[in-house]
>>> print(open('structure_8.cif').read())   # mmCIF, C-alpha atoms and all ligand atoms
data_my_file
#
loop_
_atom_site.label_atom_id
_atom_site.label_comp_id
_atom_site.auth_asym_id
_atom_site.auth_seq_id
_atom_site.Cartn_x
_atom_site.Cartn_y
_atom_site.Cartn_z
CA MET M 127 -64.49 184.57 165.38
CA ALA M 128 -63.37 186.80 168.25
CA SER M 129 -66.87 188.07 168.93
CA VAL M 130 -70.20 186.46 169.64
CA ALA M 131 -73.61 188.13 169.68
CA VAL M 132 -76.26 186.39 171.73
CA ILE M 133 -79.83 187.16 170.77
CA GLY M 134 -83.20 185.65 171.70
CA SER M 135 -84.99 183.96 168.79
CA GLN M 136 -88.50 183.87 170.32
CA TRP M 137 -90.28 186.30 172.69
CA GLY M 138 -87.47 186.64 175.21
CA ASP M 139 -86.93 184.56 178.36
CA GLU M 140 -85.22 181.83 176.34
CA GLY M 141 -82.75 181.16 179.15
CA LYS M 142 -80.07 183.59 178.03
CA GLY M 143 -78.67 184.05 181.56
CA LYS M 144 -77.05 180.65 181.75
CA ILE M 145 -75.65 180.73 178.19
CA VAL M 146 -74.40 184.28 178.53
CA ASP M 147 -72.72 183.37 181.80
CA TRP M 148 -71.05 180.37 180.17
CA LEU M 149 -69.87 182.54 177.26
CA SER M 150 -68.86 185.49 179.46
CA SER M 151 -66.48 183.20 181.33
CA ARG M 152 -64.66 182.89 177.96
CA ALA M 153 -64.99 186.56 176.92
CA ASP M 154 -62.92 189.59 177.92
CA VAL M 155 -65.57 192.22 177.28
CA VAL M 156 -69.36 191.92 177.66
CA VAL M 157 -71.55 194.55 175.96
CA ARG M 158 -75.27 195.32 176.35
CA PHE M 159 -76.50 197.03 173.18
CA GLN M 160 -80.31 197.48 173.43
CA GLY M 161 -83.22 197.51 175.85
CA GLY M 162 -83.00 198.59 179.43
CA HIS M 163 -84.02 197.32 182.85
CA ASN M 164 -87.05 195.62 181.31
CA ALA M 165 -84.65 192.68 180.82
CA GLY M 166 -83.91 190.14 183.50
CA HIS M 167 -80.99 187.73 183.41
CA THR M 168 -80.52 185.30 186.27
CA LEU M 169 -77.02 183.97 186.82
CA VAL M 170 -76.10 181.25 189.28
CA ILE M 171 -72.38 181.23 190.02
CA ASP M 172 -70.84 179.07 192.74
CA GLY M 173 -74.27 178.67 194.33
CA LYS M 174 -74.92 182.42 194.43
CA THR M 175 -77.86 183.83 192.45
CA TYR M 176 -77.51 187.21 190.75
CA LYS M 177 -80.50 188.88 189.14
CA LEU M 178 -79.32 191.41 186.59
CA HIS M 179 -81.49 193.80 184.63
CA LEU M 180 -79.27 196.49 183.18
CA LEU M 181 -75.76 195.45 184.10
CA PRO M 182 -74.00 193.21 181.57
CA SER M 183 -73.48 189.65 182.80
CA GLY M 184 -69.71 190.07 182.80
CA ILE M 185 -70.01 192.28 185.88
CA VAL M 186 -70.13 189.36 188.31
CA ARG M 187 -66.79 188.04 187.06
CA LYS M 188 -63.40 189.41 187.96
CA SER M 189 -61.24 190.96 185.24
CA LYS M 190 -64.01 191.31 182.66
CA LEU M 191 -64.93 194.66 181.21
CA SER M 192 -68.68 195.36 181.14
CA ILE M 193 -70.09 197.90 178.73
CA ILE M 194 -73.50 199.53 178.45
CA GLY M 195 -73.69 200.71 174.85
CA ASN M 196 -75.41 203.71 173.30
CA GLY M 197 -78.34 201.55 172.17
CA VAL M 198 -79.41 200.94 175.78
CA VAL M 199 -81.86 203.17 177.64
CA VAL M 200 -80.45 203.75 181.12
CA ASP M 201 -82.52 204.54 184.20
CA PRO M 202 -79.82 206.03 186.44
CA TRP M 203 -81.67 205.30 189.69
CA ALA M 204 -82.39 201.69 188.70
CA LEU M 205 -78.77 201.27 187.61
CA LEU M 206 -77.31 202.62 190.86
CA GLU M 207 -79.71 200.43 192.85
CA GLU M 208 -78.60 197.40 190.87
CA ILE M 209 -74.95 198.28 191.41
CA LYS M 210 -75.64 198.54 195.14
CA THR M 211 -77.38 195.14 195.17
CA VAL M 212 -74.52 193.33 193.44
CA ARG M 213 -71.96 195.16 195.60
CA ASP M 214 -73.81 193.88 198.66
CA GLN M 215 -73.35 190.42 197.16
CA GLY M 216 -69.59 190.99 197.08
CA VAL M 217 -69.19 192.08 193.44
CA ASP M 218 -66.67 194.80 192.75
CA VAL M 219 -68.13 197.53 190.48
CA THR M 220 -65.69 200.29 189.55
CA PRO M 221 -65.19 202.54 186.50
CA ASP M 222 -62.37 200.13 185.49
CA LYS M 223 -64.93 197.35 185.18
CA LEU M 224 -68.00 199.21 183.93
CA VAL M 225 -68.24 201.75 181.12
CA ILE M 226 -71.50 203.44 180.12
CA ALA M 227 -71.62 205.03 176.68
CA GLU M 228 -71.72 208.78 177.11
CA ASN M 229 -74.22 208.87 174.24
CA ALA M 230 -76.65 206.41 175.86
CA THR M 231 -80.18 207.73 176.46
CA LEU M 232 -81.49 208.25 179.97
CA ILE M 233 -84.83 206.97 181.24
CA LEU M 234 -86.27 209.68 183.50
CA PRO M 235 -89.13 209.50 186.04
CA ILE M 236 -91.50 211.00 183.44
CA HIS M 237 -91.04 207.94 181.21
CA SER M 238 -92.59 205.42 183.59
CA VAL M 239 -95.48 207.88 184.19
CA LEU M 240 -96.04 208.03 180.43
CA ASP M 241 -95.65 204.25 180.04
CA ALA M 242 -98.44 203.65 182.58
CA ALA M 243 -100.58 206.46 181.09
CA MET M 244 -100.30 205.10 177.54
CA GLU M 245 -101.06 201.56 178.67
CA GLY M 246 -104.11 202.92 180.51
CA ALA M 247 -105.18 204.82 177.40
CA ARG M 248 -105.20 201.55 175.42
CA GLY M 249 -108.06 200.39 177.63
CA ASN M 250 -108.85 196.72 177.05
CA ASP M 251 -106.00 196.31 174.58
CA PRO M 252 -102.78 197.04 176.49
CA ILE M 253 -99.34 195.89 175.28
CA GLY M 254 -98.56 194.52 178.73
CA THR M 255 -95.33 196.51 179.05
CA THR M 256 -93.01 196.20 182.04
CA LYS M 257 -93.93 199.84 182.87
CA ARG M 258 -90.25 200.68 183.18
CA GLY M 259 -90.53 203.64 180.79
CA ILE M 260 -88.67 201.85 178.00
CA GLY M 261 -90.99 202.82 175.12
CA PRO M 262 -91.37 206.51 176.04
CA ALA M 263 -87.58 206.86 176.51
CA TYR M 264 -86.92 205.44 173.03
CA GLU M 265 -89.67 207.71 171.66
CA ASP M 266 -87.82 210.72 173.07
CA LYS M 267 -84.56 209.50 171.57
CA ILE M 268 -86.04 209.20 168.09
CA ALA M 269 -87.88 212.52 168.50
CA ARG M 270 -84.50 214.16 169.32
CA ARG M 271 -85.50 215.46 172.72
CA ALA M 272 -83.83 212.80 174.92
CA ILE M 273 -81.30 213.48 177.65
CA LYS M 274 -78.05 211.62 177.04
CA VAL M 275 -75.54 210.59 179.72
CA CYS M 276 -73.12 213.29 178.50
CA ASP M 277 -75.76 216.00 179.10
CA LEU M 278 -75.26 215.47 182.84
CA ARG M 279 -71.90 217.18 182.38
CA ASP M 280 -73.34 220.46 181.10
CA LEU M 281 -76.00 221.74 183.47
CA ASP M 282 -77.20 224.67 181.32
CA ILE M 283 -77.92 222.39 178.37
CA LEU M 284 -79.46 219.83 180.70
CA LYS M 285 -81.89 222.40 182.09
CA GLU M 286 -82.78 223.69 178.66
CA LYS M 287 -83.38 220.20 177.27
CA LEU M 288 -85.47 219.16 180.27
CA ASP M 289 -87.67 222.26 179.90
CA GLY M 290 -88.22 221.44 176.21
CA MET M 291 -88.95 217.79 176.92
CA MET M 292 -91.44 218.57 179.67
CA LEU M 293 -93.21 221.21 177.61
CA HIS M 294 -93.98 218.40 175.19
CA HIS M 295 -94.95 215.75 177.74
CA ASN M 296 -96.97 218.02 180.01
CA ALA M 297 -99.21 218.96 177.10
CA LEU M 298 -99.99 215.26 176.73
CA LEU M 299 -100.47 214.68 180.46
CA LYS M 300 -102.81 217.67 180.58
CA GLY M 301 -104.77 216.27 177.64
CA LEU M 302 -105.15 212.98 179.51
CA GLY M 303 -106.37 214.87 182.61
CA MET M 304 -103.27 213.93 184.60
CA ASP M 305 -101.03 215.99 186.88
CA GLU M 306 -98.12 217.70 185.20
CA VAL M 307 -94.54 216.66 186.06
CA SER M 308 -92.08 219.41 186.85
CA ALA M 309 -88.84 219.73 184.89
CA ASP M 310 -87.23 221.23 188.01
CA ASP M 311 -88.07 218.14 190.06
CA ILE M 312 -86.40 215.87 187.51
CA TYR M 313 -83.39 218.20 187.38
CA THR M 314 -83.06 218.10 191.18
CA LYS M 315 -83.30 214.31 191.21
CA LEU M 316 -80.64 214.09 188.50
CA MET M 317 -78.28 216.22 190.60
CA ASP M 318 -78.25 213.40 193.20
CA VAL M 319 -77.02 210.78 190.73
CA LYS M 320 -75.09 212.64 188.05
CA ASP M 321 -71.60 212.38 189.55
CA GLU M 322 -71.76 208.65 190.08
CA ILE M 323 -73.24 208.03 186.62
CA LEU M 324 -70.62 210.27 185.00
CA SER M 325 -67.84 208.42 186.80
CA TYR M 326 -68.68 205.37 184.64
CA SER M 327 -69.24 207.23 181.37
CA GLY M 328 -66.87 206.80 178.47
CA VAL M 329 -66.45 206.77 174.70
CA VAL M 330 -67.54 203.20 174.12
CA TRP M 331 -66.76 202.95 170.42
CA ARG M 332 -63.13 203.82 171.19
CA VAL M 333 -62.97 201.36 174.07
CA LEU M 334 -64.23 198.67 171.70
CA GLU M 335 -61.82 199.75 168.96
CA GLN M 336 -58.93 199.26 171.40
CA ALA M 337 -60.32 195.95 172.66
CA ARG M 338 -60.47 194.66 169.09
CA LYS M 339 -56.93 195.86 168.36
CA ASP M 340 -55.78 194.02 171.49
CA GLY M 341 -57.43 190.84 170.21
CA LYS M 342 -59.94 190.71 173.08
CA LYS M 343 -62.95 188.41 172.88
CA ILE M 344 -66.16 190.42 172.88
CA LEU M 345 -69.58 189.12 173.85
CA PHE M 346 -72.59 191.19 172.76
CA GLU M 347 -75.39 190.39 175.17
CA GLY M 348 -78.85 190.87 173.71
CA ALA M 349 -82.01 191.13 175.78
CA GLN M 350 -85.59 190.12 174.87
CA GLY M 351 -86.09 188.20 171.59
CA MET M 352 -86.59 188.66 167.85
CA MET M 353 -90.40 188.38 168.05
CA LEU M 354 -90.33 191.48 170.31
CA ASP M 355 -88.15 193.42 167.83
CA VAL M 356 -89.79 196.75 166.98
CA ASP M 357 -89.32 196.10 163.24
CA HIS M 358 -89.47 192.33 162.90
CA GLY M 359 -91.62 191.28 165.85
CA THR M 360 -95.36 190.98 166.44
CA TYR M 361 -95.92 194.76 166.20
CA PRO M 362 -97.41 196.56 168.10
CA PHE M 363 -97.00 193.87 170.80
CA VAL M 364 -93.25 194.37 170.91
CA THR M 365 -90.70 196.29 172.91
CA SER M 366 -89.26 199.52 171.50
CA SER M 367 -85.79 198.43 170.41
CA ASN M 368 -84.22 196.15 167.83
CA MET M 369 -83.03 192.74 168.97
CA HIS M 370 -81.65 192.06 165.50
CA ALA M 371 -77.97 191.07 165.56
CA ALA M 372 -77.11 194.19 163.55
CA GLN M 373 -78.18 196.21 166.59
CA ALA M 374 -75.09 194.86 168.39
CA ALA M 375 -73.13 197.04 165.96
CA THR M 376 -75.33 200.16 165.98
CA GLY M 377 -76.00 199.93 169.69
CA SER M 378 -72.33 199.89 170.66
CA GLY M 379 -70.37 201.52 167.84
CA VAL M 380 -68.61 198.79 165.86
CA GLY M 381 -68.90 197.78 162.20
CA PRO M 382 -71.18 194.90 161.19
CA ASP M 383 -68.26 192.53 160.62
CA ALA M 384 -67.19 192.98 164.26
CA VAL M 385 -70.37 191.32 165.53
CA GLY M 386 -69.01 187.86 164.71
CA TYR M 387 -70.90 184.65 165.43
CA VAL M 388 -74.63 185.16 165.96
CA LEU M 389 -75.96 182.70 168.52
CA GLY M 390 -79.74 182.51 168.78
CA ILE M 391 -80.97 181.40 172.19
CA THR M 392 -84.00 179.17 171.65
CA LYS M 393 -86.24 177.43 174.15
CA ALA M 394 -87.31 173.86 173.32
CA TYR M 395 -90.93 175.07 173.58
CA THR M 396 -92.36 178.63 173.42
CA THR M 397 -93.30 181.25 176.02
CA ARG M 398 -94.36 184.87 175.96
CA VAL M 399 -95.06 187.50 178.65
CA GLY M 400 -97.55 190.27 178.05
CA ALA M 401 -100.21 190.53 175.37
CA GLY M 402 -100.06 189.76 171.65
CA PRO M 403 -100.39 186.90 169.17
CA PHE M 404 -99.01 183.49 170.11
CA PRO M 405 -100.13 180.86 167.58
CA THR M 406 -98.95 177.76 169.48
CA GLU M 407 -100.16 178.87 172.92
CA GLN M 408 -101.66 176.04 175.01
CA GLU M 409 -104.25 177.32 177.42
CA ASN M 410 -104.75 173.82 178.80
CA ASP M 411 -102.98 171.11 180.81
CA VAL M 412 -99.98 171.13 178.48
CA GLY M 413 -99.47 174.89 179.01
CA THR M 414 -99.84 174.48 182.77
CA TYR M 415 -97.37 171.56 182.76
CA LEU M 416 -94.76 173.55 180.81
CA GLY M 417 -95.28 176.64 183.00
CA GLU M 418 -94.92 174.76 186.25
CA LYS M 419 -92.09 172.47 185.22
CA GLY M 420 -90.24 175.29 183.48
CA HIS M 421 -90.79 177.81 186.33
CA GLU M 422 -92.17 180.22 183.79
CA PHE M 423 -92.46 183.45 185.76
CA GLY M 424 -90.85 186.72 184.63
CA THR M 425 -87.57 187.72 186.33
CA THR M 426 -88.41 191.42 186.09
CA THR M 427 -92.14 191.59 186.81
CA GLY M 428 -92.86 188.14 188.29
CA ARG M 429 -95.71 187.76 185.76
CA LYS M 430 -96.79 184.27 184.72
CA ARG M 431 -95.54 183.46 181.21
CA ARG M 432 -97.90 182.09 178.57
CA CYS M 433 -96.67 178.68 177.33
CA GLY M 434 -97.03 176.61 174.15
CA TRP M 435 -95.46 174.20 171.69
CA PHE M 436 -92.27 174.87 169.78
CA ASP M 437 -92.96 177.08 166.77
CA ALA M 438 -90.43 176.22 164.07
CA VAL M 439 -91.94 178.79 161.68
CA LEU M 440 -91.15 181.70 164.01
CA VAL M 441 -87.67 180.48 164.87
CA ARG M 442 -86.84 179.89 161.19
CA GLN M 443 -87.99 183.46 160.52
CA SER M 444 -85.69 184.79 163.31
CA VAL M 445 -82.79 182.69 162.00
CA THR M 446 -83.22 184.10 158.51
CA VAL M 447 -84.00 187.72 159.35
CA SER M 448 -81.28 188.12 161.97
CA GLY M 449 -78.57 185.97 160.37
CA ILE M 450 -78.36 183.49 163.24
CA HIS M 451 -75.44 181.11 162.65
CA GLY M 452 -76.39 178.52 165.26
CA ILE M 453 -78.70 178.12 168.22
CA ALA M 454 -78.34 177.31 171.89
CA LEU M 455 -81.35 175.11 172.65
CA THR M 456 -82.46 175.48 176.26
CA LYS M 457 -84.83 173.76 178.69
CA LEU M 458 -85.07 170.47 176.78
CA ASP M 459 -85.48 168.75 180.16
CA VAL M 460 -88.82 170.52 180.70
CA LEU M 461 -90.24 168.25 177.95
CA ASP M 462 -89.17 165.07 179.79
CA GLY M 463 -92.19 162.86 180.53
CA LEU M 464 -94.57 164.23 177.88
CA GLU M 465 -95.98 161.35 175.85
CA GLU M 466 -96.12 163.29 172.62
CA LEU M 467 -94.75 166.60 171.44
CA LYS M 468 -96.05 168.95 168.79
CA ILE M 469 -94.00 171.23 166.58
CA CYS M 470 -95.58 173.96 164.49
CA VAL M 471 -94.35 173.61 160.90
CA GLY M 472 -96.64 176.03 159.09
CA TYR M 473 -99.79 178.11 159.46
CA GLU M 474 -103.18 178.09 157.86
CA LEU M 475 -104.50 181.52 156.98
CA ASP M 476 -107.88 181.96 155.27
CA GLY M 477 -107.78 178.39 153.98
CA LYS M 478 -104.23 178.71 152.59
CA LYS M 479 -101.03 177.16 153.93
CA ILE M 480 -98.22 179.65 154.62
CA ASP M 481 -94.71 179.16 155.97
CA TYR M 482 -94.05 182.53 157.65
CA LEU M 483 -95.72 184.86 160.14
CA PRO M 484 -97.33 187.73 158.21
CA SER M 485 -96.82 191.31 159.42
CA SER M 486 -100.44 192.34 159.73
CA GLN M 487 -101.88 192.31 163.23
CA VAL M 488 -105.15 190.90 161.89
CA ALA M 489 -103.42 188.05 160.05
CA GLN M 490 -101.20 187.28 163.07
CA ASP M 491 -104.34 186.88 165.16
CA LYS M 492 -105.95 184.60 162.60
CA VAL M 493 -103.17 182.13 161.74
CA ALA M 494 -103.82 178.58 162.90
CA PRO M 495 -100.76 176.40 163.54
CA ILE M 496 -100.16 173.27 161.50
CA TYR M 497 -98.52 170.69 163.74
CA GLU M 498 -96.34 167.67 163.31
CA THR M 499 -96.56 165.23 166.21
CA MET M 500 -93.48 163.51 167.56
CA GLU M 501 -93.04 160.82 170.13
CA GLY M 502 -91.97 162.04 173.55
CA TRP M 503 -89.51 160.23 175.81
CA SER M 504 -89.90 158.54 179.14
CA GLY M 505 -86.21 158.77 180.08
CA SER M 506 -84.59 161.91 181.43
CA THR M 507 -82.54 164.50 179.58
CA GLN M 508 -81.92 166.45 182.75
CA GLY M 509 -78.26 167.02 183.41
CA ALA M 510 -77.14 165.26 180.19
CA ARG M 511 -73.63 166.30 179.17
CA SER M 512 -73.24 164.35 175.96
CA TRP M 513 -75.44 163.21 173.09
CA LYS M 514 -75.22 159.60 174.19
CA ASP M 515 -76.84 160.52 177.54
CA LEU M 516 -80.00 161.59 175.71
CA PRO M 517 -82.97 159.30 174.96
CA ALA M 518 -83.19 158.48 171.22
CA GLU M 519 -86.51 160.36 170.87
CA ALA M 520 -84.94 163.51 172.39
CA VAL M 521 -82.10 163.36 169.85
CA LYS M 522 -84.71 162.99 167.10
CA TYR M 523 -86.60 166.03 168.41
CA VAL M 524 -83.45 168.18 168.43
CA ARG M 525 -82.34 167.00 164.98
CA HIS M 526 -85.78 167.71 163.56
CA ILE M 527 -85.73 171.24 165.01
CA GLU M 528 -82.36 171.85 163.31
CA GLU M 529 -83.78 170.71 160.02
CA LEU M 530 -86.95 172.81 160.32
CA ILE M 531 -85.28 176.07 161.38
CA GLY M 532 -82.27 175.80 159.06
CA ALA M 533 -79.61 176.27 161.74
CA PRO M 534 -77.48 173.87 163.76
CA VAL M 535 -77.63 173.42 167.52
CA THR M 536 -74.33 174.82 168.76
CA LEU M 537 -75.12 174.30 172.42
CA LEU M 538 -77.73 172.24 174.23
CA SER M 539 -78.68 173.10 177.79
CA THR M 540 -80.20 170.34 179.91
CA SER M 541 -80.63 171.99 183.33
CA PRO M 542 -80.07 175.37 185.00
CA GLU M 543 -76.65 174.13 186.17
CA ARG M 544 -73.79 175.66 184.28
CA ASP M 545 -72.03 172.40 183.40
CA ASP M 546 -75.18 170.62 182.22
CA THR M 547 -74.49 171.73 178.68
CA ILE M 548 -73.65 169.80 175.55
CA LEU M 549 -71.29 171.80 173.38
CA MET M 550 -71.07 171.11 169.64
CA HIS M 551 -68.51 173.82 169.06
CA ASP M 552 -67.25 176.95 170.80
CA PRO M 553 -68.86 179.95 169.05
CA PHE M 554 -65.77 182.06 169.83
CA THR M 555 -63.68 179.82 167.60
CA SER M 556 -66.30 178.98 164.96
P1 LIG G 601 -91.59 197.06 177.38
O1 LIG G 601 -90.27 196.57 176.90
O2 LIG G 601 -91.63 197.25 178.87
O3 LIG G 601 -92.07 198.27 176.63
O4 LIG G 601 -92.69 195.91 177.09
C1 LIG G 601 -93.13 195.61 175.78
C2 LIG G 601 -93.37 194.10 175.63
O5 LIG G 601 -92.12 193.42 175.69
C3 LIG G 601 -94.24 193.48 176.72
O6 LIG G 601 -95.00 192.43 176.14
C4 LIG G 601 -93.22 192.88 177.68
O7 LIG G 601 -93.76 191.80 178.42
C5 LIG G 601 -92.16 192.42 176.70
N1 LIG G 601 -90.82 192.34 177.30
C6 LIG G 601 -89.99 193.37 177.61
N2 LIG G 601 -88.85 192.91 178.13
C7 LIG G 601 -88.94 191.57 178.15
C8 LIG G 601 -88.04 190.53 178.55
O8 LIG G 601 -86.90 190.75 178.98
N3 LIG G 601 -88.49 189.25 178.39
C9 LIG G 601 -89.72 188.97 177.88
N4 LIG G 601 -90.60 189.91 177.48
C10 LIG G 601 -90.21 191.20 177.62
#
>>> encode(input="structure_8.cif", output="structure tokens")
Amino acid sequence: MASVAVIGSQWGDEGKGKIVDWLSSRADVVVRFQGGHNAGHTLVIDGKTYKLHLLPSGIVRKSKLSIIGNGVVVDPWALLEEIKTVRDQGVDVTPDKLVIAENATLILPIHSVLDAAMEGARGNDPIGTTKRGIGPAYEDKIARRAIKVCDLRDLDILKEKLDGMMLHHNALLKGLGMDEVSADDIYTKLMDVKDEILSYSGVVWRVLEQARKDGKKILFEGAQGMMLDVDHGTYPFVTSSNMHAAQAATGSGVGPDAVGYVLGITKAYTTRVGAGPFPTEQENDVGTYLGEKGHEFGTTTGRKRRCGWFDAVLVRQSVTVSGIHGIALTKLDVLDGLEELKICVGYELDGKKIDYLPSSQVAQDKVAPIYETMEGWSGSTQGARSWKDLPAEAVKYVRHIEELIGAPVTLLSTSPERDDTILMHDPFTS
């Protein structure tokens, strides 16, 4: 297949950065298709660390085209800041290398105000959002009052739309007893950034049509993970976009068959940032061990991630719902040294055994994991580059995961280093 879509199969932070970097070195075009600067992908290339939030990972490589698709919500100030940061690191960012869909939705300063206000209004039950304004920006898009990149070109329409949008939001702010936000202020701020943002804007679906005609390899770079998907995740403790592989098509403007191989990035244990159900969470020494050894702190907010055992039920659900063809299993080395490992193979709900995560918030809170226990390994998997370098128990663990989730391991990552990867087959040629 000439295209690969990378999506997270858990709650995000599965270690996509390294895999996406490895794949982007083989791709010609890298496309972001959902989310915004709530994402955080860390790339380490030739000893240099790049922390990307909104820019596609292809940006740090020469002669790759990076695309921000229409499914992304773009904070223009955050984007220009990120461009400046990578430029300072020696990366060339020009309109030849970066195209932003002219129909992408903008995140405006009002959206982070609303994000914080709505979190505050939830009192003791917040979602734990990144407070980047992601949810409110998507709300505006669906409510048909959003400002799109192309609106920056037509100032009369821009002004009119901003007035309409702020009429709506100020009524809410007033109701919450908060200060109103002026449409004129936002307009003035947009005037500072519009020319630079417009210099990157383009008709992405046509760019992708041409790329496909030219036989280019396209990598669709997903952010977050299936359990944070607004339809299929642990609603309402989710983000506001779809991580589903089909979103690679809708969020960039290609047909479903152009998405190609769907690679699910999967951590060898489970983590989650923010609030919400997490059946296999370990609030004990095991969780602390995984968190410390796995350096489980968020790239975007620096928050400590919650940690727990591998949940095969959730990953099998993601594999099935999103049509994942194979997985990239990451951070196996973090499990080195644990005497025994647990894998969740089902749940108990009201005295009954079930093999999926129900949709209801109440049921998700109540499910108790059913575990299988496996022997751990005393040897090291760190840096392994072939199956024969792995302890027998580690091979058993990986094989059992494949069996439980119903998908093969396409790639196995054994350290943050790029070359510490065991490749079963190249997804671009699968
Ligand atoms: P939002 O995307 O800022 O609205 O946050 C909604 C939920 O998604 C919160 O629980 C966040 O912690 C979570 N979330 C958003 N982006 C990421 C990510 O890139 N990795 C992990 N969790 C995320």
>>> closest_atom_pairs(input="structure_8.cif", of="chain M", to="ligand LIG 601 (chain G)", cutoff="7 Å", atoms="all atoms listed in the file", output="CSV")
residue,atom,partner,partner_atom,distance
M:Trp137,CA,G:LIG601,C9,5.9
M:Gly138,CA,G:LIG601,C9,4.2
M:Asp139,CA,G:LIG601,N3,4.9
M:Asn164,CA,G:LIG601,N2,4.5
M:Ala165,CA,G:LIG601,O8,3.5
M:Gly166,CA,G:LIG601,O8,5.5
M:Ile253,CA,G:LIG601,O6,5.6
M:Gly254,CA,G:LIG601,O6,4.9
M:Thr255,CA,G:LIG601,O4,3.3
M:Thr256,CA,G:LIG601,O2,3.6
M:Lys257,CA,G:LIG601,O2,5.3
M:Arg258,CA,G:LIG601,O2,5.7
M:Gly259,CA,G:LIG601,O2,6.8
M:Ile260,CA,G:LIG601,O3,5.1
M:Gly261,CA,G:LIG601,O3,4.9
M:Ala349,CA,G:LIG601,O8,5.9
M:Gln350,CA,G:LIG601,O8,4.4
M:Leu354,CA,G:LIG601,O5,6.0
M:Phe363,CA,G:LIG601,O6,5.9
M:Val364,CA,G:LIG601,C2,4.7
M:Thr365,CA,G:LIG601,C1,3.8
M:Ser366,CA,G:LIG601,O3,6.0
M:Arg398,CA,G:LIG601,N4,6.5
M:Val399,CA,G:LIG601,O7,4.5
M:Gly400,CA,G:LIG601,O6,3.8
M:Ala401,CA,G:LIG601,O6,5.6
>>> residues_around(input="structure_8.cif", residues="Asp383 (chain M)", least_positions_apart="2", cutoff="12 Å", atoms="all atoms listed in the file", output="PyMOL selection string")
chain M and resi 127-131+338+371-372+374-376+379-381+385-388
>>> closest_residue(input="structure_8.cif", among="M:Lys188, M:Lys393, M:Lys514, M:Lys468", to="Thr456 (chain M)", atoms="all atoms listed in the file")
M:Lys393
>>> residues_around(input="structure_8.cif", residues="Leu205 (chain M)", least_positions_apart="3", cutoff="9 Å", atoms="all atoms listed in the file", output="VMD selection string")
chain M and resid 163 179 to 181 200 to 202 208 to 210 323
>>> closest_residue(input="structure_8.cif", among="M:Glu519, M:Glu466, M:Asp311, M:Asp481", to="Lys285 (chain M)", atoms="all atoms listed in the file")
M:Asp311
>>> atom_distance(input="structure_8.cif", atom1="CA of Asn229 (chain M)", atom2="CA of Ile193 (chain M)")
12.6 Å
>>> atom_distance(input="structure_8.cif", atom1="CA of Leu538 (chain M)", atom2="CA of Asp552 (chain M)")
12.0 Å
>>> closest_residue(input="structure_8.cif", among="M:Asp545, M:Asp340, M:Glu407, M:Asp437", to="Gln136 (chain M)", atoms="all atoms listed in the file")
M:Asp437
>>> residues_near_point(input="structure_8.cif", point="(-85.8, 160.6, 182.3)", cutoff="8 Å", atoms="only C-alpha atoms", output="mmCIF file with C-alpha atoms, keeping the file's coordinate frame")
data_model
loop_
_atom_site.group_PDB
_atom_site.id
_atom_site.type_symbol
_atom_site.label_atom_id
_atom_site.label_comp_id
_atom_site.auth_asym_id
_atom_site.auth_seq_id
_atom_site.Cartn_x
_atom_site.Cartn_y
_atom_site.Cartn_z
ATOM 1 C CA ASP M 462 -89.170 165.070 179.790
ATOM 2 C CA GLY M 463 -92.190 162.860 180.530
ATOM 3 C CA TRP M 503 -89.510 160.230 175.810
ATOM 4 C CA SER M 504 -89.900 158.540 179.140
ATOM 5 C CA GLY M 505 -86.210 158.770 180.080
ATOM 6 C CA SER M 506 -84.590 161.910 181.430
ATOM 7 C CA THR M 507 -82.540 164.500 179.580
ATOM 8 C CA GLN M 508 -81.920 166.450 182.750
ATOM 9 C CA PRO M 517 -82.970 159.300 174.960
#
>>> atom_distance(input="structure_8.cif", atom1="CA of Glu265 (chain M)", atom2="CA of Tyr361 (chain M)")
15.4 Å
>>> closest_residue(input="structure_8.cif", among="M:Leu345, M:Val535, M:Leu475, M:Ile268", to="Ala394 (chain M)", atoms="only C-alpha atoms")
M:Val535
>>> closest_residue(input="structure_8.cif", among="M:Ala242, M:Val445, M:Ala438, M:Leu455", to="Ile496 (chain M)", atoms="all atoms listed in the file")
M:Ala438
>>> residues_near_point(input="structure_8.cif", point="(-79.2, 204.7, 171.1)", cutoff="9 Å", atoms="all atoms listed in the file", output="PDB file with C-alpha atoms, in the frame of the given file")
ATOM      1  CA  PHE M 159     -76.500 197.030 173.180  1.00  0.00           C
ATOM      2  CA  GLN M 160     -80.310 197.480 173.430  1.00  0.00           C
ATOM      3  CA  GLY M 195     -73.690 200.710 174.850  1.00  0.00           C
ATOM      4  CA  ASN M 196     -75.410 203.710 173.300  1.00  0.00           C
ATOM      5  CA  GLY M 197     -78.340 201.550 172.170  1.00  0.00           C
ATOM      6  CA  VAL M 198     -79.410 200.940 175.780  1.00  0.00           C
ATOM      7  CA  VAL M 199     -81.860 203.170 177.640  1.00  0.00           C
ATOM      8  CA  ASN M 229     -74.220 208.870 174.240  1.00  0.00           C
ATOM      9  CA  ALA M 230     -76.650 206.410 175.860  1.00  0.00           C
ATOM     10  CA  THR M 231     -80.180 207.730 176.460  1.00  0.00           C
ATOM     11  CA  TYR M 264     -86.920 205.440 173.030  1.00  0.00           C
ATOM     12  CA  LYS M 267     -84.560 209.500 171.570  1.00  0.00           C
ATOM     13  CA  ILE M 268     -86.040 209.200 168.090  1.00  0.00           C
ATOM     14  CA  THR M 376     -75.330 200.160 165.980  1.00  0.00           C
ATOM     15  CA  GLY M 377     -76.000 199.930 169.690  1.00  0.00           C
ATOM     16  CA  SER M 378     -72.330 199.890 170.660  1.00  0.00           C
TER      17      SER M 378
END
